[in-house]
Structure formats: C-alpha cells, structure tokens
Protein chains: 2
Amino acid sequence: MEKFEINILGCGAALPTPRRLSSSQIVNIREKLFMLDCAEGTQMALRRSRLSFSHLQAIFLTHLHGDHVFGLIGMLSTFGLLGRIQDLHIYGPQDLERVFQPQIDYFCADFPYRIILHEIDPRTPQVIYEDRSVTISTLPLTHRVPCCGYLFREKPTPRHIRRDMIDFYHIPISQINNIKAGMDWTTPDGDLIPNERLTTPSDPVRSYAYCTDTTYRPQLAELLRGITCLYHEATFASEHALLAKKTFHSTAAQAAQIALDAQVGRLILGHFSSRYKTPASKDSDEGISELTLLQEAQQIFPSTMLAEDGMNIKL
Amino acid sequence: MEKFEINILGCGAALPTPRRLSSSQIVNIREKLFMLDCAEGTQMALRRSRLSFSHLQAIFLTHLHGDHVFGLIGMLSTFGLLGRIQDLHIYGPQDLERVFQPQIDYFCADFPYRIILHEIDPRTPQVIYEDRSVTISTLPLTHRVPCCGYLFREKPTPRHIRRDMIDFYHIPISQINNIKAGMDWTTPDGDLIPNERLTTPSDPVRSYAYCTDTTYRPQLAELLRGITCLYHEATFASEHALLAKKTFHSTAAQAAQIALDAQVGRLILGHFSSRYKTPASKDSDEGISELTLLQEAQQIFPSTMLAEDGMNIKL
C-alpha cells in the first residue's frame with residue numbers, strides 16, 4: 001500500500017513542557033507532507049523527525065490560539081534560510097492574515113519562496129485542498145474562537161493488475177491503464193473477459209481526521225463515519241468534565257463516544273492538559289496520569305491509544 | 001558573595017537545532033532574573049533550568065531578528081496562563097512596539113499582568129535599568145539592523161563588619177550601617193577608631209557584558225574595560241572571516257581580540273553557526289568543529305570558553 005502516516009510532533013495542551021510540545025503533526029501521504037498546527041518548537045521537532053522540510057506542501061491551522069500557531073513564524077524563517085523556493089500555502093480561520101501577514105512582511109521579506117495565506121470559514125464542512133492522491137476538507141468544531149478540524153481522505157487507487165492473466169490473454173501494454181480503471185477485455189476472437197478476472201481489488205481508501213480543540217460535539221460523528229483513524233482532543237479526565245465544558249474542551253470519554261458513534265477504525269487521544277502525568281514521568285505518584293484518560297476512553301471505545309511526541313502511526 | 005550567575009538557555013545562531021537553541025540567557029543577580037534575548041523554545045529551556053518564572057524582572061532584546069525574539073510571545077502567553085501578576089518590562093531597539101504590540105494585543109488580552117515595551121536607541125551607551133543591586137546599560141553594536149549589547153554592573157556592596165571589633169569597642173547596633181558605609185568610630189573617651197580597623201573590604205564589583213550580534217567593532221573594547229566576564233558572538237571560524245564581515249558577524253578570533261583589548265576577566269564564545277559541529281556531536285569527522293573556534297580564540301585570549309545550552313556560570 002502507498003504511504004499514509006501520521007507523525008505526531010507535539011500533543012500537549014496550552015503549556016509546553018520539556019517533555020511535551022503543544023499541538024503539531026505531519027500527515028505523510030506518498031511522501032507529500034501536510035502539517036496540522038504549528039506550536040512553538042515545531043521546527044525543532046520536525047528536524048528530529050528526519051522528515052524532509054522540502055516535502056512540506058501546506059500547513060493547516062485549526063484555530064489561532066498560541067499553542068497551535070506560535071511555531072509558525074520561526075519555521076517559515078528557517079525555510080527561508082534553508083533556501084526553500086516552492087510556494088507554501090497556509091490555511092486557517094479568520095484573522096489568519098491580520099495576525100500573520102504583518103509578521104511575515106517584517107521577518108520573511110526577501111525570502112526565496114512565497115507564503116500564501118488562505119482564510120477559511122470553519123462553520124461548514126468544505127473541501128479546501130485536492131490533488132491526485134488526497135482530498136482535505138474542514139470539520140466544524142466548537143471552541144472559544146473559530147476553529148475547525150481537518151479530514152484527509154485518500155483518493156481511490158486503481159485496481160491491481162494480475163500479471164499472469166495479462167500474459168495469458170496477451171493483452172497489450174497500451175490497455176493496462178484501462179484495465180486498472182475497471183474495463184473488461186475482448187479477445188481478438190470476440191470473447192469478453194470480465195475485469196474481475198484480470199485484476200484484484202484496489203486498496204481500501206484510508207482516511208484520517210484531526211479534531212482539536214473542541215467541546216463535546218455529538219454531530220461531529222456523522223462527518224467522521226467509518227474513517228480509518230481519528231485524532232480527537234482529550235484535554236481532561238472525566239473528573240474534570242465541568243472544567244472541560246467551561247473551557248470548550250473534551251474529556252477522554254467524550255472523545256471515545258464520538259469514535260464509537262462514528263464507528264471509526266481507531267482513536268488517538270491527544271492535547272493532554274499538563275496537569276496529568278505522562279506515562280513515562282518520574283514524578284511522584286500523586287495526581288492523575290494520562291493512563292486514566294486512556295482507561296476512561298477504552299471503556300467506551302477499546303481501539304484507543306494515547307498520542308506521544310515523536311510517535312509515527314501507519315494507517 | 002551575593003549571587004551573580006549567567007544561565008545560558010541557547011547559544012546557537014540563526015538555525016535552531018534539536019541540540020542547540022538560538023540566543024537566550026538569564027542573568028541571575030541575587031535571585032532577580034533578567035532575560036537576554038528570547039529565541040523560540042526559550043520557555044521550555046527556562047523550565048528545564050528550574051529557575052523561577054516569577055523572579056523574572058525584565059527582558060532585554062538585542063535586535064529584532066527571529067533567532068533572538070521568536071520565543072517571546074509564547075513565553076508571555078505561558079506567564080499569563082501561570083497567573084503572573086507583576087508587570088513585565090521588555091527593552092529593545094526601534095520597531096519593538098510595531099512588531100510585538102499587535103501580537104500582545106491579540107494573544108495576551110485579559111492577562112493578569114501588564115507587559116510594558118520600552119524602545120531604546122541603541123546608538124549611544126545609556127543606562128536603561130537600575131535597582132539597588134545592579135545597573136544595566138546598552139552597548140552599541142554594528143549589525144544589519146539596529147542592535148545593542150547589554151552591560152550588567154553590580155553596585156558596590158557595603159564593607160564587611162568585623163564582629164570581633166564591634167564587640168571590643170561596644171559599638172551600638174544603630175551605628176552598624178554607618179560603619180559598613182565607611183565611617184570611623186569615636187569612642188566615649190574620644191578615641192578615633194579608623195574604619196579600616198572595624199571592617200574588611202567590600203566584595204569586588206562584578207560585571208557582565210552580552211554582545212551579540214555584531215561585526216568586529218574595535219571601539220567596543222573601551223566600553224568593556226576590565227569587566228569580569230564577556231559573552232561575545234563568535235558565529236564563524238577565521239576560515240569564514242569574509243562571510244563574517246559580509247553578514248555583520250564576528251569570528252572567534254575577533255571576539256578574543258576584543259576581550260584582550262578590554263582586558264576582561266574571561267570570555268565566553270557563543271552564537272555559533274550551525275555549520276560547525278558541537279563538541280558532543282556524534283556526526284562524522286568531516287567539517288570544522290566548534291573546538292576550532294575555541295582554539296582560534298585561545299591563541300589570542302587564553303581565558304576563553306565555549307558556551308553550551310544549559311550552562312551555568314558563576315561570576
């Protein structure tokens with residue numbers, strides 16, 4: 001199967017710590033890289049990941065809170081110093097231009113590449129990016145400021161040719177693409193060979209949704225129905241459900257309920273409040289650990305895992 | 001002696017790497033903290049240093065290049081989330097307000113503390129901060145944009161009381177501060193006891209200068225005469241002296257020449273181009289290491305050391 005991987009650069013909430021950056025990810029689809037959010041320190045995490053800076057196609061910002069955007073200007077500057085020449089497109093909700101264009105004008109003047117900002121309306125789902133291999137659309141979320149998630153949906157790939165049958169029927173090379181696309185074959189004698197005998201089914205279409213930050217939003221499930229993998233914020237444990245509601249965030253259990261309702265393949269939890277200890281922490285045993293978030297989610301949706309900085313997930 | 005320490009949070013040049021942040025330091029004078037520059041990632045490095053965020057008095061920016069300021073807005077936001085209430089003063093050359101006030105207005109609205117920007121004229125040396133223990137003044141530098149270094153000069157401390165002599169002459173407590181300040185003592189019998197018999201000399205006055213970024217600027221030595229410790233940028237090795245001149249940076253040898261001319265106590269080199277390998281690097285043996293910078297400087301000024309992220313230097 002073609003590459004479709006998620007690289008988690010940071011999965012902490014508002015307060016970055018030496019152990020966990022705030023939000024940023026790279027979606028790698030057939031070596032085209034798409035960035036989701038860009039917290040402070042993202043460029044260093046990107047370098048650590050050994051992904052190629054120059055393969056970055058576009059950046060998608062969910063909302064203009066600092067823990068999702070403060071790494072942007074530094075990373076854009078570094079791309080300039082490294083001699084990037086391809087245009088770079090950045091998508092985000094309203095105020096994107098108001099906030100970033102002045103910074104770009106001041107710090108990125110005379111750079112060898114163009115930075116193009118695209119303000120999107122996060123209130124209705126819409127396709128905002130499309131190429132040969134993927135369609136990217138927005139997912140309305142409910143947060144304290146305009147905010148949307150992003151849904152990556154692979155385009156269907158051609159059916160796989162059965163080399164043995166092609167040879168057996170002496171089908172010429174010129175017809176291969178038609179057969180991959182599903183056409184039948186008529187032999188010189190007039191026999192019709194159905195496509196199913198010449199090919200095996202194409203790979204299943206994979207999809208990934210990135211949903212942060214948002215209060216519990218049941219209607220989101222409908223847009224996520226049957227997707228391969230969902231990353232959903234789980235800022236709080238159930239014990240802090242009121243705080244989650246007040247700050248327009250979700251609990252791990254609410255994220256799991258969305259995953260269950262949408263019947264997704266698997267759920268990744270992230271955007272953990274820094275009040276919870278990381279599993280690897282050597283801190284005292286007091287207080288709630290992120291493992292509590294995992295348990296609370298798994299009781300509702302077993303195929304759940306915790307995100308971790310530096311994690312690579314193959315879909 | 002009272003505390004006077006330098007904490008190096010980052011000492012790389014324009015390109016931050018996972019191994020080395022760009023410029024930022026904390027000067028700790030009697031547990032009052034002063035920040036010099038604030039590159040991306042500074043707040044994480046500050047947290048790693050275990051210095052208390054709340055003891056930060058003021059921030060001094062040398063110039064408005066990204067590798068010296070991109071960590072500012074994130075750190076200010078974190079202070080807000082952590083509930084800082086004391087005013088925070090930020091000093092820097094022209095354009096400080098133009099660049100940062102809009103970001104502060106957007107991201108730091110409703111924070112529980114005030115952020116006060118002070119634009120300074122970096123062309124002439126001037127005292128910009130003073131309290132009971134320290135005087136901070138600017139040092140004109142020559143870079144591609146308006147730029148200044150900063151000189152921290154401890155205020156003289158009182159002479160040390162000789163407790164045994166105070167007891168011997170039955171000097172009342174009320175007179176102690178006068179005697180610390182240098183006054184003699186006249187006994188009830190009319191004998192004059194000279195201050196030198198009642199006290200030992202005060203601690204030597206210490207001073208620290210932070211000079212980055214700058215082209216080689218011989219006249220700087222005069223302003224640095226006899227200071228305890230100089231941090232001077234050494235972006236390049238002598239092999240790249242032309243590049244240094246062209247980009248308005250210094251070589252390690254030029255930094256050492258300034259230290260020699262100024263007869264400073266010791267020299268710390270920093271702001272290393274990422275083209276040079278760090279001493280701890282496991283990279284291949286090809287290319288110049290920062291140890292070359294150290295050797296080139298020490299041939300001119302032996303009391304030289306290389307800065308390192310996380311280093312603590314006691315003056």
# chains A, B, ... in the order shown; residues from 1 in each chain; ligands from 1
$ interface_residues --of "chain B" --to "chain A" --cutoff "8 Å" --atoms "only C-alpha atoms" --output "list in words"
Ala14, Leu15, Pro16, Thr17, Pro18, Glu40, Gly41, Met44, Ala45, Arg47, Arg48, His65, Gly66, Asp67, Phe70, Gly71, Ile73, Gly74, Ser77, Thr78, Leu81, Val99, Pro102, Gln103, Tyr106 and Phe107 of chain B
$ residues_around --residues "Pro140 of chain A" --least-positions-apart "5" --cutoff "7 Å" --atoms "only C-alpha atoms" --output "list in words"
Pro122, Arg123, Thr124, Pro125, Cys147, Cys148 and Gly149 of chain A
$ atom_distance --atom1 "atom CA of Arg50 of chain B" --atom2 "atom CA of Leu76 of chain B"
17.4 Å
$ closest_residue --among "B:Thr235, B:Gln298, B:Thr138, B:Gln94" --to "Glu119 of chain B" --atoms "only C-alpha atoms"
B:Gln94
$ select_by_dssp --residues "segment 123-289 of chain B" --states "helix (DSSP H, G or I)" --output "PyMOL selection string"
chain B and resi 163-168+173-180+195-198+220-223+238-246+252-262
$ residues_around --residues "Thr228 of chain B" --least-positions-apart "6" --cutoff "6 Å" --atoms "only C-alpha atoms" --output "VMD selection string"
chain B and resid 206 to 207 264 to 265
$ atom_distance --atom1 "atom CA of Gly10 of chain A" --atom2 "atom CA of Val27 of chain A"
13.0 Å
$ residues_around --residues "Asp203 of chain A" --least-positions-apart "6" --cutoff "9 Å" --atoms "only C-alpha atoms" --output "list in words"
Met1, Glu2, Pro156, Thr157, Pro158, Arg159 and His160 of chain A
$ atom_distance --atom1 "atom CA of Ala13 of chain B" --atom2 "atom CA of Pro302 of chain B"
23.5 Å
$ select_by_dssp --residues "segment 123-250 of chain B" --states "strand (DSSP E)" --output "MDAnalysis selection string"
chainID B and resid 127:130 134:140 148:154 160:161 185:186 192:193 199:200 207:211 229:233
$ residues_around --residues "Thr251 of chain B" --least-positions-apart "2" --cutoff "10 Å" --atoms "only C-alpha atoms" --output "MDAnalysis selection string"
chainID B and resid 215:216 232:245 249 253:257 269 272 293 296:297
$ closest_residue --among "A:Tyr150, A:Tyr169, A:Tyr276, A:Tyr231" --to "Asp189 of chain A" --atoms "only C-alpha atoms"
A:Tyr169
$ residues_around --residues "segment 190-194 of chain B" --least-positions-apart "6" --cutoff "12 Å" --atoms "only C-alpha atoms" --output "compact mmCIF listing (two decimals) with C-alpha atoms, in the first residue's frame"
# COMPACT_ATOMS: atom_id res chain seq x y z
CA MET B 165 35.96 44.69 66.79
CA ILE B 166 32.34 45.83 67.11
CA PHE B 168 35.50 45.03 71.56
CA TYR B 169 34.56 48.71 71.23
CA ILE B 171 29.62 49.87 69.26
CA ILE B 179 30.34 51.82 59.71
CA GLY B 182 32.86 53.57 55.65
CA MET B 183 32.53 55.88 58.67
CA ASP B 184 35.07 55.86 61.51
CA THR B 200 37.18 44.35 55.87
$ decode --residues "segment 67-104 of chain B" --atoms "C-alpha atoms" --output "PDB file, in the first residue's frame"
ATOM      1  CA  ASP B  67      16.564  33.931  16.279  1.00  0.00           C
ATOM      2  CA  HIS B  68      16.589  36.431  19.162  1.00  0.00           C
ATOM      3  CA  VAL B  69      12.874  37.097  19.618  1.00  0.00           C
ATOM      4  CA  PHE B  70      10.635  34.289  18.300  1.00  0.00           C
ATOM      5  CA  GLY B  71      10.160  32.767  21.761  1.00  0.00           C
ATOM      6  CA  LEU B  72       8.821  35.977  23.259  1.00  0.00           C
ATOM      7  CA  ILE B  73       5.100  35.753  22.513  1.00  0.00           C
ATOM      8  CA  GLY B  74       4.867  32.097  23.598  1.00  0.00           C
ATOM      9  CA  MET B  75       6.647  32.801  26.868  1.00  0.00           C
ATOM     10  CA  LEU B  76       4.477  35.834  27.602  1.00  0.00           C
ATOM     11  CA  SER B  77       1.382  33.688  26.975  1.00  0.00           C
ATOM     12  CA  THR B  78       2.622  30.985  29.318  1.00  0.00           C
ATOM     13  CA  PHE B  79       3.249  33.568  32.044  1.00  0.00           C
ATOM     14  CA  GLY B  80      -0.376  34.625  31.603  1.00  0.00           C
ATOM     15  CA  LEU B  81      -1.620  31.038  31.919  1.00  0.00           C
ATOM     16  CA  LEU B  82       0.506  30.574  35.024  1.00  0.00           C
ATOM     17  CA  GLY B  83      -1.099  33.602  36.609  1.00  0.00           C
ATOM     18  CA  ARG B  84       1.786  36.089  36.713  1.00  0.00           C
ATOM     19  CA  ILE B  85       0.625  39.391  38.169  1.00  0.00           C
ATOM     20  CA  GLN B  86       3.781  41.555  38.310  1.00  0.00           C
ATOM     21  CA  ASP B  87       4.416  43.982  35.470  1.00  0.00           C
ATOM     22  CA  LEU B  88       6.963  42.766  32.937  1.00  0.00           C
ATOM     23  CA  HIS B  89       9.214  45.276  31.181  1.00  0.00           C
ATOM     24  CA  ILE B  90      10.685  44.491  27.779  1.00  0.00           C
ATOM     25  CA  TYR B  91      13.501  46.559  26.273  1.00  0.00           C
ATOM     26  CA  GLY B  92      14.615  46.512  22.669  1.00  0.00           C
ATOM     27  CA  PRO B  93      15.535  48.653  19.672  1.00  0.00           C
ATOM     28  CA  GLN B  94      13.115  50.519  17.414  1.00  0.00           C
ATOM     29  CA  ASP B  95      10.211  48.542  15.894  1.00  0.00           C
ATOM     30  CA  LEU B  96       9.745  46.671  19.169  1.00  0.00           C
ATOM     31  CA  GLU B  97       6.253  48.122  19.542  1.00  0.00           C
ATOM     32  CA  ARG B  98       5.379  47.855  15.884  1.00  0.00           C
ATOM     33  CA  VAL B  99       6.214  44.146  15.843  1.00  0.00           C
ATOM     34  CA  PHE B 100       5.081  42.993  19.252  1.00  0.00           C
ATOM     35  CA  GLN B 101       2.237  45.228  20.418  1.00  0.00           C
ATOM     36  CA  PRO B 102      -0.226  43.763  17.859  1.00  0.00           C
ATOM     37  CA  GLN B 103       0.741  40.211  18.859  1.00  0.00           C
ATOM     38  CA  ILE B 104       0.413  41.068  22.545  1.00  0.00           C
TER      39      ILE B 104
END
